[in-house]
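A.B. asks: My structure is below; once you've seen it, I'll send some questions.
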Amino acid sequence: MARIAFIGLGNMGGGMAANLAKAGHDVRAFDLSAEALERAVSAGCLAAGTAVEAVERAEAVVTMLPAGTHVESIYADAAIPGAAPGAVLIDCSTIDVATARRVAGAAVAKGLLAVDAPVSGGIAAAAAGTLTFMVGGSQQAFAQAEPVLAAMGKAVIHAGPSGAGQGAKICNNMLLGATMVATCEAFALAEALGLDLQTFYDISSVSSGQSWSMTSYCPVARVGPDTPADHDYAGGFAAALMLKDLRLAMQAAEASGASTPMGERATELYERLVSGGQGGRDFSIIGRTLRQDAEG
Ligand code: NAD
């Protein structure tokens, strides 16, 4: 079993670190929040007083932090100077592609291995150990990270070289944001045309307009399977996090010169939703923004 440092024990990292401990790893955990650290200790991790202490003699360092700036400073101050030679740094946070490549490059320059390994799946999947990891890095870094990630997820996929994991994550979430807006739009038009919404769902779910947003995560209450829409959009995937991922996608599109008009439109709509105070609700609530527009 490996000695693993885990930094960032929030909504996602808390469950992930617990699963590593449950799998028998020696997990040295650190978070700025004393409460988060206490929860990790009661789940079987050992508390470290600082990030530097957590990283000492670690064979793998896992980070699950809010954004690129946090990852950059933990890598510069603790993970890169402190990890044992040959250790693998595994960043599971969702951050911009450029920062992911930069921090991994700095780690490799110091004789370490590094992967970006963002996740698909929310807080429930992190707790249950059923996340999907999209991994960017060399074949050697992937081989070393894979068994650590496998203890926290149901799928670990090598997406390509450094930054490819973050690239796959934001492309997937841009697609999800755009299809959710399109699904809400289709329901709004169906309703305006007097269609029964359950009947429209039954048709669209087995027709060419079908998508995950329609069939598995229907944004309309009492239509299709039980989803956050049936619970007034509580829980699920927060609209503020969808906006974060859409902004990262727009930043990457601008840097790479890709044309993403649907992603741009989805970003604008989520910006309005979040600035209207709905950032904590599930992202499938975006249909309300469309309804407000229709009402003028
Ligand atoms: P969170 O805010 O709940 O947790 C982040 C944790 O990092 C906090 O406990 C915070 O105290 C800690 N932290 C911040 N700076 C630190 C530092 N310098 N040293 C030590 N600890 C520090 O966030 P989360 O929901 O767990 O998300 C983490 C990452 O996962 C984000 O990048 C997010 O975009 C991504 N993500 C989240 C979800 C989700 O559903 N919540 C799903 C997929 C991906």
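Chain labels run A, B, ... following the order of the structure tokens; each chain numbers its residues from 1, and ligands are numbered from 1 in the order shown.
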Compile the contact shell of Ala18 (chain A) as a PyMOL selection string: residues with an atom at most 10 Å away, counting only C-alpha atoms, same-chain residues fewer than 3 positions apart removed.
C.D. replies: chain A and resi 9+13-15+21-23+25+27+29+39-45+126-129+152
A.B. asks: Would you name the residues within 7 Å of ligand 1, counting only C-alpha atoms and all ligand atoms, and put them as a PDB file with N, CA and C atoms, in the first residue's frame?
C.D. replies:
```pdb
ATOM      1  N   ILE A   7      -4.316  16.693  -0.541  1.00  0.00           N
ATOM      2  CA  ILE A   7      -4.494  18.108  -0.176  1.00  0.00           C
ATOM      3  C   ILE A   7      -5.766  18.662  -0.823  1.00  0.00           C
ATOM      4  N   GLY A   8      -6.678  19.161   0.030  1.00  0.00           N
ATOM      5  CA  GLY A   8      -7.969  19.664  -0.458  1.00  0.00           C
ATOM      6  C   GLY A   8      -9.061  18.667  -0.147  1.00  0.00           C
ATOM      7  N   LEU A   9      -9.638  18.772   1.068  1.00  0.00           N
ATOM      8  CA  LEU A   9     -10.580  17.756   1.568  1.00  0.00           C
ATOM      9  C   LEU A   9     -12.006  18.296   1.612  1.00  0.00           C
ATOM     10  N   GLY A  10     -12.395  19.021   0.569  1.00  0.00           N
ATOM     11  CA  GLY A  10     -13.728  19.640   0.537  1.00  0.00           C
ATOM     12  C   GLY A  10     -14.815  18.660   0.129  1.00  0.00           C
ATOM     13  N   ASN A  11     -15.831  19.184  -0.561  1.00  0.00           N
ATOM     14  CA  ASN A  11     -16.981  18.360  -0.964  1.00  0.00           C
ATOM     15  C   ASN A  11     -16.550  17.104  -1.713  1.00  0.00           C
ATOM     16  N   MET A  12     -15.592  17.273  -2.608  1.00  0.00           N
ATOM     17  CA  MET A  12     -15.133  16.143  -3.425  1.00  0.00           C
ATOM     18  C   MET A  12     -13.972  15.406  -2.751  1.00  0.00           C
ATOM     19  N   GLY A  13     -12.948  16.173  -2.349  1.00  0.00           N
ATOM     20  CA  GLY A  13     -11.732  15.574  -1.802  1.00  0.00           C
ATOM     21  C   GLY A  13     -11.974  14.772  -0.531  1.00  0.00           C
ATOM     22  N   PHE A  30      -4.262  17.046   4.288  1.00  0.00           N
ATOM     23  CA  PHE A  30      -4.173  18.442   4.728  1.00  0.00           C
ATOM     24  C   PHE A  30      -5.235  19.293   4.035  1.00  0.00           C
ATOM     25  N   ASP A  31      -5.833  20.199   4.831  1.00  0.00           N
ATOM     26  CA  ASP A  31      -6.768  21.199   4.296  1.00  0.00           C
ATOM     27  C   ASP A  31      -6.641  22.438   5.192  1.00  0.00           C
ATOM     28  N   LEU A  32      -6.876  23.607   4.631  1.00  0.00           N
ATOM     29  CA  LEU A  32      -6.845  24.841   5.428  1.00  0.00           C
ATOM     30  C   LEU A  32      -7.983  24.837   6.446  1.00  0.00           C
ATOM     31  N   SER A  33      -9.054  24.094   6.142  1.00  0.00           N
ATOM     32  CA  SER A  33     -10.203  24.032   7.050  1.00  0.00           C
ATOM     33  C   SER A  33     -10.015  22.920   8.087  1.00  0.00           C
ATOM     34  N   ALA A  36     -12.742  20.216   7.830  1.00  0.00           N
ATOM     35  CA  ALA A  36     -12.536  19.252   6.739  1.00  0.00           C
ATOM     36  C   ALA A  36     -11.481  18.226   7.141  1.00  0.00           C
ATOM     37  N   ALA A  51       0.837  21.517   4.303  1.00  0.00           N
ATOM     38  CA  ALA A  51       0.929  20.777   3.037  1.00  0.00           C
ATOM     39  C   ALA A  51       2.320  20.161   2.907  1.00  0.00           C
ATOM     40  N   MET A  64      -7.047  18.239  -4.707  1.00  0.00           N
ATOM     41  CA  MET A  64      -8.442  18.440  -5.144  1.00  0.00           C
ATOM     42  C   MET A  64      -8.846  19.830  -4.650  1.00  0.00           C
ATOM     43  N   LEU A  65      -8.425  20.847  -5.401  1.00  0.00           N
ATOM     44  CA  LEU A  65      -8.510  22.247  -4.965  1.00  0.00           C
ATOM     45  C   LEU A  65      -9.456  23.046  -5.850  1.00  0.00           C
ATOM     46  N   PRO A  66      -9.879  24.247  -5.386  1.00  0.00           N
ATOM     47  CA  PRO A  66     -10.890  24.993  -6.141  1.00  0.00           C
ATOM     48  C   PRO A  66     -10.470  25.413  -7.562  1.00  0.00           C
ATOM     49  N   ALA A  67      -9.255  25.961  -7.733  1.00  0.00           N
ATOM     50  CA  ALA A  67      -8.905  26.532  -9.041  1.00  0.00           C
ATOM     51  C   ALA A  67      -7.398  26.484  -9.283  1.00  0.00           C
ATOM     52  N   HIS A  70      -4.741  27.916  -6.743  1.00  0.00           N
ATOM     53  CA  HIS A  70      -4.477  27.098  -5.553  1.00  0.00           C
ATOM     54  C   HIS A  70      -3.509  25.961  -5.895  1.00  0.00           C
ATOM     55  N   ILE A  74       0.273  25.371  -4.268  1.00  0.00           N
ATOM     56  CA  ILE A  74       0.600  24.117  -3.550  1.00  0.00           C
ATOM     57  C   ILE A  74       1.751  23.385  -4.256  1.00  0.00           C
ATOM     58  N   CYS A  92      -6.438  16.402  -9.366  1.00  0.00           N
ATOM     59  CA  CYS A  92      -7.804  16.027  -9.754  1.00  0.00           C
ATOM     60  C   CYS A  92      -8.729  17.242  -9.853  1.00  0.00           C
ATOM     61  N   SER A  93      -8.241  18.436  -9.502  1.00  0.00           N
ATOM     62  CA  SER A  93      -9.053  19.655  -9.580  1.00  0.00           C
ATOM     63  C   SER A  93      -9.403  19.947 -11.045  1.00  0.00           C
ATOM     64  N   THR A  94     -10.475  20.715 -11.259  1.00  0.00           N
ATOM     65  CA  THR A  94     -10.766  21.190 -12.620  1.00  0.00           C
ATOM     66  C   THR A  94     -10.109  22.558 -12.769  1.00  0.00           C
ATOM     67  N   ILE A  95      -9.096  22.645 -13.619  1.00  0.00           N
ATOM     68  CA  ILE A  95      -8.375  23.920 -13.800  1.00  0.00           C
ATOM     69  C   ILE A  95      -8.112  24.152 -15.287  1.00  0.00           C
ATOM     70  N   PRO A 118      -8.741  15.341 -13.891  1.00  0.00           N
ATOM     71  CA  PRO A 118     -10.046  15.847 -13.438  1.00  0.00           C
ATOM     72  C   PRO A 118     -11.110  14.743 -13.498  1.00  0.00           C
ATOM     73  N   VAL A 119     -12.225  14.997 -12.826  1.00  0.00           N
ATOM     74  CA  VAL A 119     -13.219  13.935 -12.667  1.00  0.00           C
ATOM     75  C   VAL A 119     -14.561  14.296 -13.284  1.00  0.00           C
ATOM     76  N   SER A 120     -15.295  13.267 -13.656  1.00  0.00           N
ATOM     77  CA  SER A 120     -16.714  13.409 -13.980  1.00  0.00           C
ATOM     78  C   SER A 120     -17.456  12.656 -12.886  1.00  0.00           C
ATOM     79  N   GLY A 121     -18.545  13.251 -12.417  1.00  0.00           N
ATOM     80  CA  GLY A 121     -19.273  12.676 -11.272  1.00  0.00           C
ATOM     81  C   GLY A 121     -19.209  13.691 -10.155  1.00  0.00           C
ATOM     82  N   GLY A 122     -20.261  13.786  -9.373  1.00  0.00           N
ATOM     83  CA  GLY A 122     -20.327  14.808  -8.325  1.00  0.00           C
ATOM     84  C   GLY A 122     -19.953  14.268  -6.958  1.00  0.00           C
ATOM     85  N   ILE A 123     -20.504  14.949  -5.935  1.00  0.00           N
ATOM     86  CA  ILE A 123     -20.148  14.647  -4.548  1.00  0.00           C
ATOM     87  C   ILE A 123     -20.535  13.198  -4.178  1.00  0.00           C
ATOM     88  N   PHE A 237     -25.532  19.057  -9.627  1.00  0.00           N
ATOM     89  CA  PHE A 237     -24.314  19.752 -10.054  1.00  0.00           C
ATOM     90  C   PHE A 237     -24.628  21.252 -10.077  1.00  0.00           C
ATOM     91  N   ALA A 238     -23.983  22.002  -9.172  1.00  0.00           N
ATOM     92  CA  ALA A 238     -24.321  23.423  -9.000  1.00  0.00           C
ATOM     93  C   ALA A 238     -24.089  24.232 -10.285  1.00  0.00           C
ATOM     94  N   LEU A 241     -20.734  25.809 -10.679  1.00  0.00           N
ATOM     95  CA  LEU A 241     -19.634  24.958 -11.163  1.00  0.00           C
ATOM     96  C   LEU A 241     -19.736  24.749 -12.673  1.00  0.00           C
TER      97      LEU A 241
END
```
A.B. asks: Counting only C-alpha atoms, what is within 12 Å of Asp202 (chain A), bar same-chain residues fewer than 5 positions away, as an NGL selection string?
C.D. replies: :A and (195-197 or 207 or 209-210 or 214-215 or 218 or 223-225)
A.B. asks: Tell me, counting only C-alpha atoms, for each residue of region 157-239 of chain A within 7 Å of region 246-249 of chain A, which pair of atoms is nearest and how far apart they are in Å to one decimal, in rows ordered by chain and increasing number, as JSON lines.
C.D. replies:
```
{"residue": "A:Ile170", "atom": "CA", "partner": "A:Ala249", "partner_atom": "CA", "distance": 5.3}
{"residue": "A:Cys171", "atom": "CA", "partner": "A:Ala249", "partner_atom": "CA", "distance": 6.7}
{"residue": "A:Met174", "atom": "CA", "partner": "A:Leu246", "partner_atom": "CA", "distance": 5.6}
```
A.B. asks: Running DSSP on the backbone, which parts of region 38-93 of chain A land in strand (DSSP E or B), as a list of chain:residue names?
C.D. replies: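 Here is the list: A:Leu46, A:Ala47, A:Ala60, A:Val61, A:Val62, A:Thr63, A:Val88, A:Leu89, A:Ile90, A:Asp91.
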A.B. asks: Can you list, as a PyMOL selection string, every protein, DNA or RNA residue that comes within 9 Å of Gly235 (chain A) when you count only C-alpha atoms, leaving out same-chain residues fewer than 3 positions away?
C.D. replies: chain A and resi 228+231+238+280-282
A.B. asks: Under the rule that only C-alpha atoms are counted, which of A:Ala141, A:Leu193, A:Ala159, A:Leu46 is the nearest residue to Val115 (chain A)?
C.D. replies: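 Among the listed residues, the smallest separation from Val115 (chain A) belongs to A:Ala141.
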A.B. asks: Excluding region 1-6 of chain A and any residue of its chain fewer than 3 positions from it, enumerate the residues within 6 Å of it, using only C-alpha atoms, and give them as a ChimeraX atom specification.
C.D. replies: /A:25-29,54-55,58-63
A.B. asks: Any chance you can output those residues with N, CA and C atoms as a PDB file, in the first residue's frame?
C.D. replies:
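Wrote again.pdb, looks like this:
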```pdb
ATOM      1  N   HIS A  25      -4.520   2.468   1.932  1.00  0.00           N
ATOM      2  CA  HIS A  25      -3.363   3.352   1.745  1.00  0.00           C
ATOM      3  C   HIS A  25      -3.106   4.161   3.012  1.00  0.00           C
ATOM      4  N   ASP A  26      -1.839   4.602   3.135  1.00  0.00           N
ATOM      5  CA  ASP A  26      -1.425   5.438   4.260  1.00  0.00           C
ATOM      6  C   ASP A  26      -1.611   6.898   3.790  1.00  0.00           C
ATOM      7  N   VAL A  27      -2.742   7.516   4.166  1.00  0.00           N
ATOM      8  CA  VAL A  27      -3.110   8.825   3.608  1.00  0.00           C
ATOM      9  C   VAL A  27      -2.796   9.950   4.587  1.00  0.00           C
ATOM     10  N   ARG A  28      -1.881  10.836   4.199  1.00  0.00           N
ATOM     11  CA  ARG A  28      -1.541  12.026   5.000  1.00  0.00           C
ATOM     12  C   ARG A  28      -2.336  13.196   4.426  1.00  0.00           C
ATOM     13  N   ALA A  29      -3.316  13.684   5.183  1.00  0.00           N
ATOM     14  CA  ALA A  29      -4.264  14.652   4.637  1.00  0.00           C
ATOM     15  C   ALA A  29      -4.010  16.053   5.158  1.00  0.00           C
ATOM     16  N   ALA A  54       2.445  16.988   4.824  1.00  0.00           N
ATOM     17  CA  ALA A  54       1.664  15.918   4.174  1.00  0.00           C
ATOM     18  C   ALA A  54       2.483  15.242   3.069  1.00  0.00           C
ATOM     19  N   VAL A  55       3.245  16.052   2.347  1.00  0.00           N
ATOM     20  CA  VAL A  55       3.945  15.590   1.152  1.00  0.00           C
ATOM     21  C   VAL A  55       5.225  14.798   1.475  1.00  0.00           C
ATOM     22  N   ALA A  58       6.050  11.135   0.452  1.00  0.00           N
ATOM     23  CA  ALA A  58       4.883  10.572  -0.248  1.00  0.00           C
ATOM     24  C   ALA A  58       5.299   9.980  -1.597  1.00  0.00           C
ATOM     25  N   GLU A  59       4.665   8.845  -1.942  1.00  0.00           N
ATOM     26  CA  GLU A  59       4.897   8.249  -3.270  1.00  0.00           C
ATOM     27  C   GLU A  59       3.940   8.846  -4.290  1.00  0.00           C
ATOM     28  N   ALA A  60       2.805   9.353  -3.804  1.00  0.00           N
ATOM     29  CA  ALA A  60       1.836  10.025  -4.683  1.00  0.00           C
ATOM     30  C   ALA A  60       1.256  11.213  -3.920  1.00  0.00           C
ATOM     31  N   VAL A  61       1.026  12.315  -4.637  1.00  0.00           N
ATOM     32  CA  VAL A  61       0.419  13.508  -4.032  1.00  0.00           C
ATOM     33  C   VAL A  61      -0.848  13.822  -4.819  1.00  0.00           C
ATOM     34  N   VAL A  62      -2.007  13.745  -4.154  1.00  0.00           N
ATOM     35  CA  VAL A  62      -3.281  14.040  -4.822  1.00  0.00           C
ATOM     36  C   VAL A  62      -3.762  15.411  -4.360  1.00  0.00           C
ATOM     37  N   THR A  63      -4.143  16.266  -5.315  1.00  0.00           N
ATOM     38  CA  THR A  63      -4.712  17.575  -4.974  1.00  0.00           C
ATOM     39  C   THR A  63      -6.133  17.664  -5.521  1.00  0.00           C
TER      40      THR A  63
END
```
A.B. asks: Could you check the closest approach to Glu72 (chain A) for each of A:Thr227, A:Thr99, A:Gln139, A:Asn173 and tell me which residue wins, using only C-alpha atoms?
C.D. replies: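 Counting only C-alpha atoms, the residue closest to Glu72 (chain A) is A:Thr99.
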A.B. asks: For Glu185 (chain A), list every protein, DNA or RNA residue within 7 Å, evaluated using only C-alpha atoms, and leave out those in the same chain fewer than 4 positions away; present the list as a ChimeraX atom specification.
C.D. replies: /A:181,189,287
